[in-house]
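A.B. asks: This is the content of coords-v9.cif (mmCIF, C-alpha atoms and all ligand atoms):
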data_coords
#
loop_
_atom_site.label_atom_id
_atom_site.label_comp_id
_atom_site.auth_asym_id
_atom_site.auth_seq_id
_atom_site.Cartn_x
_atom_site.Cartn_y
_atom_site.Cartn_z
CA MET A 1 -90.90 -4.77 -67.79
CA ALA A 2 -93.29 -1.89 -67.28
CA ILE A 3 -94.16 0.38 -64.42
CA GLN A 4 -97.41 -1.56 -63.85
CA LYS A 5 -95.37 -4.33 -62.31
CA TYR A 6 -94.61 -1.97 -59.42
CA PHE A 7 -97.72 0.21 -59.07
CA ASP A 8 -101.33 -0.09 -60.12
CA GLN A 9 -102.29 2.55 -62.62
CA GLN A 10 -104.12 4.80 -60.19
CA THR A 11 -101.28 4.85 -57.69
CA TRP A 12 -98.71 5.51 -60.35
CA GLN A 13 -100.74 8.36 -61.80
CA ARG A 14 -100.96 9.94 -58.36
CA ILE A 15 -97.21 9.63 -57.84
CA LYS A 16 -96.40 10.90 -61.32
CA ALA A 17 -98.77 13.86 -61.10
CA PHE A 18 -97.15 14.88 -57.85
CA ALA A 19 -93.62 14.29 -59.13
CA ASP A 20 -94.25 16.48 -62.17
CA THR A 21 -94.68 19.49 -59.90
CA LYS A 22 -91.28 19.19 -58.17
CA PRO A 23 -87.69 19.78 -59.22
CA THR A 24 -85.41 16.74 -58.94
CA PRO A 25 -83.97 15.00 -57.04
CA PHE A 26 -86.46 13.78 -54.45
CA LEU A 27 -88.10 10.69 -53.05
CA VAL A 28 -91.89 10.33 -53.22
CA VAL A 29 -93.39 7.87 -50.79
CA ASP A 30 -96.89 6.57 -51.32
CA LEU A 31 -98.30 6.08 -47.82
CA ALA A 32 -101.16 3.89 -49.05
CA THR A 33 -98.61 1.36 -50.25
CA ILE A 34 -97.03 1.23 -46.78
CA GLU A 35 -100.45 0.67 -45.27
CA ARG A 36 -101.11 -2.14 -47.74
CA LYS A 37 -97.74 -3.73 -46.92
CA TYR A 38 -98.40 -3.49 -43.21
CA ARG A 39 -101.79 -5.17 -43.54
CA GLU A 40 -100.33 -7.82 -45.81
CA LEU A 41 -97.70 -8.65 -43.19
CA GLN A 42 -100.35 -8.79 -40.48
CA GLU A 43 -102.47 -11.16 -42.57
CA ASN A 44 -99.50 -13.41 -43.21
CA PHE A 45 -98.35 -13.43 -39.58
CA PRO A 46 -101.57 -12.86 -37.62
CA GLU A 47 -100.00 -14.10 -34.38
CA ALA A 48 -96.93 -11.84 -34.52
CA ARG A 49 -96.37 -8.37 -33.11
CA ILE A 50 -94.81 -6.00 -35.61
CA PHE A 51 -91.97 -3.70 -34.52
CA TYR A 52 -91.15 -1.43 -37.46
CA ALA A 53 -87.39 -0.86 -37.74
CA ILE A 54 -87.34 2.94 -37.77
CA LYS A 55 -84.00 3.23 -39.54
CA ALA A 56 -85.47 2.05 -42.86
CA ASN A 57 -87.41 5.29 -43.21
CA PRO A 58 -87.66 7.48 -40.13
CA ALA A 59 -89.94 10.18 -41.58
CA VAL A 60 -92.61 11.36 -39.16
CA GLU A 61 -95.28 10.72 -41.80
CA VAL A 62 -94.26 7.06 -42.00
CA LEU A 63 -94.03 6.66 -38.22
CA GLN A 64 -97.39 8.32 -37.70
CA LEU A 65 -99.09 6.09 -40.24
CA LEU A 66 -97.64 2.93 -38.71
CA ALA A 67 -98.40 4.12 -35.20
CA ASP A 68 -102.03 4.67 -36.21
CA LEU A 69 -102.11 1.16 -37.67
CA GLY A 70 -101.05 -0.20 -34.30
CA SER A 71 -97.41 -0.98 -35.01
CA CYS A 72 -94.72 -1.19 -32.36
CA PHE A 73 -91.22 0.09 -33.08
CA ASP A 74 -87.65 -1.14 -33.03
CA VAL A 75 -85.59 1.83 -31.90
CA ALA A 76 -81.81 2.05 -32.32
CA SER A 77 -80.79 5.38 -30.79
CA ILE A 78 -81.92 8.11 -28.42
CA TYR A 79 -82.67 10.26 -31.48
CA GLU A 80 -85.07 7.72 -32.93
CA LEU A 81 -86.55 7.39 -29.45
CA ASP A 82 -87.18 11.13 -29.13
CA ARG A 83 -88.88 11.18 -32.49
CA ILE A 84 -91.16 8.22 -31.91
CA LEU A 85 -92.14 9.51 -28.47
CA SER A 86 -92.79 12.95 -29.93
CA ILE A 87 -95.64 11.58 -32.04
CA GLY A 88 -97.30 10.09 -28.99
CA VAL A 89 -96.27 6.43 -29.16
CA THR A 90 -96.09 5.03 -25.64
CA PRO A 91 -92.89 3.33 -24.42
CA ASP A 92 -94.57 -0.05 -23.97
CA ARG A 93 -94.65 -0.24 -27.79
CA LEU A 94 -90.89 0.27 -28.11
CA SER A 95 -87.84 -1.90 -27.89
CA PHE A 96 -84.21 -0.81 -27.83
CA GLY A 97 -82.98 -3.21 -30.48
CA ASN A 98 -79.42 -2.00 -30.92
CA THR A 99 -76.91 -4.23 -29.15
CA ILE A 100 -74.31 -1.44 -29.28
CA LYS A 101 -75.25 1.32 -26.91
CA LYS A 102 -73.81 3.72 -24.37
CA ARG A 103 -74.67 3.38 -20.70
CA SER A 104 -76.17 6.85 -20.74
CA ASP A 105 -78.41 5.84 -23.66
CA ILE A 106 -79.69 2.79 -21.79
CA LYS A 107 -80.53 5.05 -18.87
CA TYR A 108 -82.22 7.53 -21.21
CA PHE A 109 -84.44 4.78 -22.63
CA TYR A 110 -85.20 3.51 -19.14
CA ASP A 111 -86.08 6.96 -17.85
CA LYS A 112 -88.46 7.41 -20.79
CA GLY A 113 -90.21 4.17 -19.84
CA VAL A 114 -88.73 1.60 -22.25
CA ARG A 115 -88.42 -1.84 -20.66
CA MET A 116 -87.37 -4.04 -23.57
CA PHE A 117 -83.71 -4.31 -24.53
CA ALA A 118 -81.72 -6.44 -26.98
CA THR A 119 -78.28 -7.61 -26.04
CA ASP A 120 -75.53 -9.91 -27.26
CA SER A 121 -72.66 -9.45 -24.79
CA ASP A 122 -72.00 -9.61 -21.07
CA ALA A 123 -70.69 -6.05 -20.95
CA ASP A 124 -73.88 -4.69 -22.47
CA LEU A 125 -76.02 -6.91 -20.27
CA ALA A 126 -74.25 -5.61 -17.15
CA ASN A 127 -74.89 -2.07 -18.36
CA ILE A 128 -78.57 -2.83 -18.85
CA ALA A 129 -78.84 -4.38 -15.38
CA PHE A 130 -77.31 -1.29 -13.83
CA ASN A 131 -79.08 1.39 -15.88
CA ALA A 132 -82.39 -0.30 -16.61
CA PRO A 133 -82.93 -2.55 -13.59
CA GLY A 134 -85.59 -5.22 -13.81
CA SER A 135 -86.12 -4.77 -17.55
CA ASN A 136 -86.98 -7.40 -20.12
CA VAL A 137 -84.05 -8.50 -22.26
CA TYR A 138 -83.72 -10.74 -25.28
CA ILE A 139 -80.52 -12.22 -26.57
CA ARG A 140 -79.53 -11.76 -30.18
CA ILE A 141 -77.88 -14.79 -31.72
CA LEU A 142 -75.63 -15.04 -34.74
CA THR A 143 -77.08 -16.50 -37.90
CA GLU A 144 -75.55 -17.54 -41.16
CA GLY A 145 -77.57 -15.68 -43.72
CA ASP A 146 -75.02 -13.20 -44.88
CA GLN A 147 -74.01 -15.07 -48.03
CA THR A 148 -77.53 -15.04 -49.40
CA ALA A 149 -78.75 -11.67 -48.15
CA ASP A 150 -78.36 -8.77 -50.55
CA TRP A 151 -77.56 -6.46 -47.63
CA PRO A 152 -75.93 -8.43 -44.78
CA LEU A 153 -76.83 -7.60 -41.19
CA SER A 154 -75.66 -10.54 -39.20
CA ARG A 155 -71.93 -10.88 -38.66
CA LYS A 156 -71.58 -7.69 -36.64
CA PHE A 157 -74.46 -8.60 -34.30
CA GLY A 158 -75.40 -11.56 -32.20
CA CYS A 159 -73.50 -14.19 -30.27
CA GLN A 160 -72.98 -17.94 -30.49
CA THR A 161 -75.46 -20.28 -28.85
CA ASP A 162 -73.24 -21.11 -25.86
CA MET A 163 -72.73 -17.45 -25.12
CA ALA A 164 -76.48 -16.83 -25.43
CA LEU A 165 -77.03 -19.54 -22.84
CA ASP A 166 -74.60 -17.85 -20.48
CA LEU A 167 -76.22 -14.47 -21.04
CA VAL A 168 -79.69 -15.76 -20.21
CA ASN A 169 -78.37 -17.14 -16.95
CA MET A 170 -76.45 -13.98 -16.23
CA ALA A 171 -79.59 -11.91 -16.87
CA LYS A 172 -81.42 -13.94 -14.23
CA ARG A 173 -78.62 -13.41 -11.74
CA LEU A 174 -78.77 -9.68 -12.43
CA SER A 175 -82.53 -9.62 -11.75
CA LEU A 176 -83.42 -8.87 -15.34
CA HIS A 177 -86.17 -10.77 -17.19
CA PRO A 178 -84.81 -12.80 -20.08
CA VAL A 179 -87.87 -13.15 -22.31
CA GLY A 180 -86.51 -14.54 -25.53
CA VAL A 181 -84.11 -14.61 -28.39
CA SER A 182 -83.71 -12.55 -31.55
CA PHE A 183 -81.95 -12.94 -34.85
CA HIS A 184 -81.73 -11.15 -38.17
CA VAL A 185 -80.99 -13.33 -41.18
CA GLY A 186 -79.79 -10.39 -43.28
CA SER A 187 -81.71 -7.73 -45.11
CA GLN A 188 -83.33 -8.56 -48.45
CA GLN A 189 -82.79 -12.20 -47.60
CA ARG A 190 -83.80 -14.10 -50.70
CA ASP A 191 -83.06 -17.55 -49.30
CA ILE A 192 -85.97 -18.51 -47.06
CA GLY A 193 -83.85 -21.41 -45.78
CA ALA A 194 -81.95 -18.85 -43.70
CA TRP A 195 -84.95 -18.74 -41.33
CA ASP A 196 -84.96 -22.53 -41.11
CA ALA A 197 -81.41 -22.60 -39.78
CA ALA A 198 -82.03 -19.69 -37.42
CA ILE A 199 -85.26 -21.11 -35.99
CA ALA A 200 -83.56 -24.48 -35.46
CA LYS A 201 -80.83 -22.72 -33.51
CA VAL A 202 -83.36 -20.93 -31.35
CA ASN A 203 -85.19 -24.18 -30.73
CA GLN A 204 -82.00 -25.86 -29.61
CA LEU A 205 -81.25 -22.96 -27.30
CA PHE A 206 -84.75 -23.02 -25.77
CA TYR A 207 -84.45 -26.77 -25.24
CA ARG A 208 -81.05 -26.55 -23.58
CA LEU A 209 -82.15 -23.74 -21.29
CA LEU A 210 -85.11 -25.77 -20.15
CA GLU A 211 -83.10 -28.97 -19.70
CA GLU A 212 -79.97 -27.52 -18.17
CA ASP A 213 -81.21 -24.48 -16.30
CA ASN A 214 -84.96 -24.95 -16.01
CA ILE A 215 -85.49 -21.59 -17.72
CA ARG A 216 -88.37 -21.26 -20.12
CA LEU A 217 -88.11 -18.49 -22.72
CA LYS A 218 -91.29 -17.41 -24.43
CA MET A 219 -90.48 -15.13 -27.32
CA ILE A 220 -88.69 -15.20 -30.68
CA ASN A 221 -87.89 -11.93 -32.38
CA MET A 222 -87.31 -12.90 -36.02
CA GLY A 223 -85.97 -9.52 -37.08
CA GLY A 224 -86.40 -8.26 -40.63
CA GLY A 225 -85.09 -9.61 -43.91
CA PHE A 226 -88.33 -9.76 -45.88
CA PRO A 227 -87.89 -8.50 -49.40
CA ALA A 228 -88.78 -5.42 -51.36
CA GLN A 229 -89.20 -5.72 -55.13
CA TYR A 230 -85.86 -5.11 -56.79
CA LEU A 231 -84.51 -6.48 -60.06
CA ALA A 232 -83.33 -9.74 -58.53
CA LYS A 233 -86.38 -11.92 -58.09
CA ALA A 234 -87.67 -12.69 -54.61
CA HIS A 235 -90.51 -14.92 -53.39
CA SER A 236 -93.82 -13.43 -52.35
CA LEU A 237 -94.40 -12.61 -48.70
CA THR A 238 -96.99 -15.38 -48.58
CA THR A 239 -94.35 -17.92 -49.54
CA TYR A 240 -92.06 -16.58 -46.83
CA ALA A 241 -94.84 -16.82 -44.27
CA GLN A 242 -95.86 -20.35 -45.27
CA GLU A 243 -92.30 -21.60 -45.12
CA ILE A 244 -91.45 -19.85 -41.85
CA HIS A 245 -94.59 -21.22 -40.21
CA ARG A 246 -93.62 -24.67 -41.43
CA PHE A 247 -90.15 -24.29 -39.87
CA LEU A 248 -91.70 -23.15 -36.60
CA ARG A 249 -94.11 -26.09 -36.51
CA GLU A 250 -91.36 -28.56 -37.35
CA ASP A 251 -89.21 -27.33 -34.47
CA PHE A 252 -91.71 -26.26 -31.84
CA GLY A 253 -94.75 -28.36 -32.64
CA ASP A 254 -97.83 -26.91 -30.99
CA ASP A 255 -95.77 -24.95 -28.52
CA ILE A 256 -94.76 -22.05 -30.74
CA PRO A 257 -93.38 -19.09 -28.76
CA GLU A 258 -94.67 -15.54 -29.10
CA LEU A 259 -93.41 -13.99 -32.31
CA ILE A 260 -92.06 -10.55 -33.01
CA LEU A 261 -91.17 -9.26 -36.47
CA GLU A 262 -89.05 -6.19 -37.16
CA PRO A 263 -89.66 -5.34 -40.79
CA GLY A 264 -88.02 -2.29 -42.32
CA ARG A 265 -87.33 -2.71 -46.01
CA SER A 266 -90.37 -4.85 -46.79
CA LEU A 267 -92.82 -2.32 -45.34
CA VAL A 268 -91.53 0.88 -46.89
CA GLY A 269 -89.25 -0.06 -49.79
CA ASP A 270 -91.84 -0.58 -52.49
CA ALA A 271 -93.68 2.61 -51.52
CA GLY A 272 -90.91 4.91 -52.73
CA VAL A 273 -89.92 6.35 -56.10
CA LEU A 274 -86.68 8.27 -56.31
CA VAL A 275 -87.07 10.82 -59.07
CA THR A 276 -83.84 12.00 -60.63
CA GLU A 277 -82.69 13.71 -63.76
CA VAL A 278 -79.95 13.07 -66.29
CA VAL A 279 -77.23 15.68 -65.83
CA LEU A 280 -74.83 14.52 -68.51
CA ILE A 281 -74.35 11.75 -71.05
CA SER A 282 -70.84 11.13 -72.35
CA ARG A 283 -68.33 8.66 -73.71
CA LYS A 284 -64.76 8.23 -72.52
CA SER A 285 -63.49 7.96 -76.08
CA VAL A 286 -65.00 8.23 -79.52
CA ASN A 287 -65.12 4.43 -79.81
CA ALA A 288 -66.02 3.62 -76.22
CA LEU A 289 -68.61 0.88 -76.09
CA ASN A 290 -70.74 2.18 -73.27
CA ARG A 291 -72.03 5.63 -72.63
CA TRP A 292 -71.88 7.11 -69.13
CA VAL A 293 -75.09 8.55 -67.78
CA TYR A 294 -74.68 10.92 -64.83
CA THR A 295 -77.71 11.60 -62.69
CA ASP A 296 -78.40 14.18 -59.99
CA VAL A 297 -78.28 11.58 -57.23
CA GLY A 298 -75.48 9.21 -56.40
CA LYS A 299 -74.12 7.19 -53.53
CA PHE A 300 -74.18 10.26 -51.28
CA GLN A 301 -77.77 11.32 -51.94
CA GLY A 302 -79.45 8.13 -50.85
CA MET A 303 -78.15 5.44 -53.18
CA ILE A 304 -75.58 3.98 -50.79
CA GLU A 305 -77.08 0.51 -51.14
CA THR A 306 -75.63 0.44 -54.64
CA LEU A 307 -72.28 -0.27 -52.90
CA ASP A 308 -70.92 -3.38 -54.63
CA GLU A 309 -74.09 -3.05 -56.69
CA ALA A 310 -75.80 -4.93 -53.87
CA ILE A 311 -79.27 -3.58 -54.52
CA LYS A 312 -80.49 -3.06 -58.08
CA TYR A 313 -83.54 -0.85 -58.19
CA PRO A 314 -86.05 -1.11 -61.01
CA LEU A 315 -85.43 1.87 -63.30
CA PHE A 316 -87.77 3.67 -65.67
CA THR A 317 -87.58 6.78 -67.80
CA ASP A 318 -90.37 8.87 -69.25
CA ARG A 319 -89.63 7.06 -72.49
CA THR A 320 -89.86 3.56 -71.01
CA LEU A 321 -92.63 3.83 -68.44
CA TYR A 322 -95.13 1.88 -70.44
CA LEU A 323 -92.62 -0.19 -72.37
CA GLU A 324 -92.73 0.58 -76.03
CA ASP A 325 -91.48 -2.69 -77.41
CA ASN A 326 -89.77 -1.00 -80.27
CA ALA A 327 -87.84 1.43 -78.08
CA GLU A 328 -84.18 1.01 -78.94
CA MET A 329 -82.19 0.40 -75.83
CA GLU A 330 -78.52 0.54 -75.03
CA GLU A 331 -76.59 -0.62 -71.97
CA VAL A 332 -75.00 2.22 -70.04
CA ILE A 333 -72.93 2.97 -66.96
CA ILE A 334 -74.76 5.08 -64.38
CA ALA A 335 -72.96 7.44 -62.00
CA GLY A 336 -73.75 10.18 -59.52
CA PRO A 337 -73.04 13.90 -59.64
CA THR A 338 -70.32 14.31 -57.00
CA CYS A 339 -66.55 14.72 -57.32
CA ASP A 340 -65.74 11.30 -55.89
CA SER A 341 -64.88 8.51 -58.25
CA MET A 342 -66.52 5.93 -56.03
CA ASP A 343 -69.78 7.72 -56.78
CA ILE A 344 -70.62 5.25 -59.54
CA LEU A 345 -73.95 3.49 -59.13
CA TYR A 346 -73.81 0.68 -61.66
CA GLU A 347 -70.87 -0.26 -63.82
CA ASP A 348 -70.70 -4.09 -63.76
CA TYR A 349 -74.42 -4.39 -64.20
CA LYS A 350 -75.42 -2.31 -67.19
CA TYR A 351 -78.92 -0.95 -67.19
CA PRO A 352 -80.50 -0.75 -70.62
CA LEU A 353 -81.70 2.79 -71.25
CA PRO A 354 -83.20 4.28 -74.40
CA MET A 355 -80.80 5.23 -77.18
CA ASN A 356 -82.58 8.52 -77.60
CA MET A 357 -82.31 9.48 -73.96
CA ALA A 358 -81.25 13.08 -73.48
CA ILE A 359 -79.84 15.37 -70.83
CA GLY A 360 -82.71 16.57 -68.65
CA ASP A 361 -84.70 13.33 -68.99
CA ARG A 362 -86.15 12.06 -65.76
CA LEU A 363 -85.27 8.69 -64.27
CA TYR A 364 -87.66 6.94 -61.87
CA TRP A 365 -86.03 4.51 -59.44
CA CYS A 366 -88.72 2.27 -57.99
CA SER A 367 -88.68 0.49 -54.62
CA THR A 368 -86.51 3.20 -53.08
CA GLY A 369 -88.63 3.90 -50.00
CA ALA A 370 -86.20 2.13 -47.64
CA TYR A 371 -82.65 3.07 -46.71
CA THR A 372 -82.39 6.08 -49.03
CA THR A 373 -83.36 9.33 -47.29
CA SER A 374 -82.00 8.00 -43.99
CA TYR A 375 -78.63 7.22 -45.55
CA ALA A 376 -78.12 10.44 -47.53
CA SER A 377 -75.11 12.59 -46.68
CA VAL A 378 -75.54 16.06 -45.24
CA GLU A 379 -73.63 18.22 -47.69
CA PHE A 380 -70.95 16.42 -49.66
CA ASN A 381 -69.97 18.80 -52.47
CA GLY A 382 -72.69 21.02 -51.08
CA PHE A 383 -75.48 18.73 -52.24
CA PRO A 384 -78.29 18.77 -49.66
CA PRO A 385 -79.72 15.59 -48.12
CA LEU A 386 -82.26 13.78 -50.25
CA LYS A 387 -85.70 15.35 -49.94
CA GLY A 388 -88.68 13.15 -49.17
CA TYR A 389 -92.36 13.82 -49.94
CA PHE A 390 -95.15 11.71 -48.49
CA ILE A 391 -98.40 11.56 -50.35
C1 LIG B 1 -82.27 -3.04 -39.75
C2 LIG B 1 -82.93 -3.92 -38.78
C3 LIG B 1 -84.18 -4.46 -39.07
C4 LIG B 1 -84.89 -4.24 -40.38
O1 LIG B 1 -84.43 -5.13 -41.36
P1 LIG B 1 -85.04 -5.17 -42.82
O2 LIG B 1 -84.26 -6.22 -43.51
O3 LIG B 1 -84.92 -3.82 -43.41
O4 LIG B 1 -86.47 -5.56 -42.68
C5 LIG B 1 -84.79 -5.22 -38.09
N1 LIG B 1 -84.20 -5.47 -36.91
C6 LIG B 1 -82.99 -4.98 -36.60
C7 LIG B 1 -82.41 -5.27 -35.26
C8 LIG B 1 -82.31 -4.20 -37.53
O5 LIG B 1 -81.10 -3.73 -37.22
#
Translate this structure into structure tokens?

C.D. replies:
Amino acid sequence: MAIQKYFDQQTWQRIKAFADTKPTPFLVVDLATIERKYRELQENFPEARIFYAIKANPAVEVLQLLADLGSCFDVASIYELDRILSIGVTPDRLSFGNTIKKRSDIKYFYDKGVRMFATDSDADLANIAFNAPGSNVYIRILTEGDQTADWPLSRKFGCQTDMALDLVNMAKRLSLHPVGVSFHVGSQQRDIGAWDAAIAKVNQLFYRLLEEDNIRLKMINMGGGFPAQYLAKAHSLTTYAQEIHRFLREDFGDDIPELILEPGRSLVGDAGVLVTEVVLISRKSVNALNRWVYTDVGKFQGMIETLDEAIKYPLFTDRTLYLEDNAEMEEVIIAGPTCDSMDILYEDYKYPLPMNMAIGDRLYWCSTGAYTTSYASVEFNGFPPLKGYFI
């Protein structure tokens, strides 16, 4: 495996040249890669509207780029709302996608002009009716993708089909506009079949609403779940798109509803390189099999998705960037710099790193553009939040 698998030579040289000028740790995000990913998604789903899930990487540079490309945005809090409005995105391009929200936050969104709300419970729906009267709502349903997603997102959100049916009817009674249904099959969902099951569920729900209540919904929000390139292999976006379109045709025939996608990880993940440095290399005993490599980032500086070793980022060093076949490698345990013993990144899975690696060597973690800077702690052990540069 060589760095060329993740970046073309020109892009990598640009990232590396920039990285060489900065002290570690930091994230570099290549904006051109995000633009490429956005266009690729558009080409694969030409009929869909894209609502970027801000939480994946909320940097103004990323939001501005996507706004200029015409993206809409999935917003989860009043803070994300303030930021996206501050760069001039109009509220008709926003949806409040969090099903867990305060009444005052609903009102805040409404007052700022947002008219699209997700919901999955009667209490929340009643709050929306009261604080955002006449708005469009869509019902989030539960899906069963959590076993095959590398970062589950389903169980906490969504409701069963029968409840969704009730909520649509309740929305009507409350003079809201129920426009559709949403689901999220789990982030980094590597089993495309998860969409099959979810789309079938939506189809059944649409059918029942029409038959039983004469209500016609017109939109499916298919959430995120598309992959970034990590160590565990995932299909190409084109394969996802072909399969998902096949599922839609099988269930809806020629009458496919409007589609919304809410990509986070798949748009920004591959654009990022987290540049870190080896702080210490040690063994726990003279005869210990594996060396420990401590780096200047850990779980609290942006690598929280290494919990349970869920996400395994591609890792390079200056010595292994271009893969010298004869480089002698050794499997190591990798841990962060803080005084918390859960701050171990990878222990079960042992990354091979060069035998001759030394303190001060740089490590390059690829595909770290999503869910790193936004998850970093504020000052655990005094370490500052992970810095991000956008080039
Ligand atoms: C986090 C989130 C997304 C983005 O998911 P990815 O798997 O990162 O693409 C989309 N929609 C909602 C509602 C989310 O909470």

A.B. asks: Which is closer to Leu142 of chain A than all the others in A:Tyr79, A:Phe109, A:Phe183, A:Tyr364, using all atoms listed in the file?

C.D. replies: A:Phe183

A.B. asks: Would you list the contacts of segment 294-307 of chain A as a PyMOL selection string, taking every protein, DNA or RNA residue within 6 Å and counting only C-alpha atoms, but skipping same-chain residues closer than 6 positions in sequence?

C.D. replies: chain A and resi 276-280+334-337+343+345+372-373+375-377+386

A.B. asks: Those same residues - C-alpha atoms - I'd like them written as a PDB file, in the coordinates of the input.

C.D. replies:
ATOM      1  CA  THR A 276     -83.840  12.000 -60.630  1.00  0.00           C
ATOM      2  CA  GLU A 277     -82.690  13.710 -63.760  1.00  0.00           C
ATOM      3  CA  VAL A 278     -79.950  13.070 -66.290  1.00  0.00           C
ATOM      4  CA  VAL A 279     -77.230  15.680 -65.830  1.00  0.00           C
ATOM      5  CA  LEU A 280     -74.830  14.520 -68.510  1.00  0.00           C
ATOM      6  CA  ILE A 334     -74.760   5.080 -64.380  1.00  0.00           C
ATOM      7  CA  ALA A 335     -72.960   7.440 -62.000  1.00  0.00           C
ATOM      8  CA  GLY A 336     -73.750  10.180 -59.520  1.00  0.00           C
ATOM      9  CA  PRO A 337     -73.040  13.900 -59.640  1.00  0.00           C
ATOM     10  CA  ASP A 343     -69.780   7.720 -56.780  1.00  0.00           C
ATOM     11  CA  LEU A 345     -73.950   3.490 -59.130  1.00  0.00           C
ATOM     12  CA  THR A 372     -82.390   6.080 -49.030  1.00  0.00           C
ATOM     13  CA  THR A 373     -83.360   9.330 -47.290  1.00  0.00           C
ATOM     14  CA  TYR A 375     -78.630   7.220 -45.550  1.00  0.00           C
ATOM     15  CA  ALA A 376     -78.120  10.440 -47.530  1.00  0.00           C
ATOM     16  CA  SER A 377     -75.110  12.590 -46.680  1.00  0.00           C
ATOM     17  CA  LEU A 386     -82.260  13.780 -50.250  1.00  0.00           C
TER      18      LEU A 386
END

A.B. asks: Suppose you want the space between atom CA of Ile87 of chain A and atom CA of Glu61 of chain A; what is it in Å?

C.D. replies: 9.8 Å

A.B. asks: Counting all atoms listed in the file, name the residues that have an atom within 10 Å of an atom of ligand LIG 1 (chain B); the answer should be given as a ChimeraX atom specification.

C.D. replies: /A:51-57,73-76,95-99,118,140,149-154,157-158,182-189,221-228,261-269,370-371

A.B. asks: Determine, counting all atoms listed in the file, which protein, DNA and RNA residues have an atom within 8 Å of an atom of Leu231 of chain A; residues of the same chain fewer than 6 positions away are not included. Present the result as a PyMOL selection string.

C.D. replies: chain A and resi 312-314

A.B. asks: Could you save the residues just selected, with C-alpha atoms, as a short mmCIF file (atom, residue, chain, number, x, y, z; two decimals), in the coordinates of the input?

C.D. replies:
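Output saved as out20.cif:
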data_model
loop_
_atom_site.label_atom_id
_atom_site.label_comp_id
_atom_site.auth_asym_id
_atom_site.auth_seq_id
_atom_site.Cartn_x
_atom_site.Cartn_y
_atom_site.Cartn_z
CA LYS A 312 -80.49 -3.06 -58.08
CA TYR A 313 -83.54 -0.85 -58.19
CA PRO A 314 -86.05 -1.11 -61.01
#
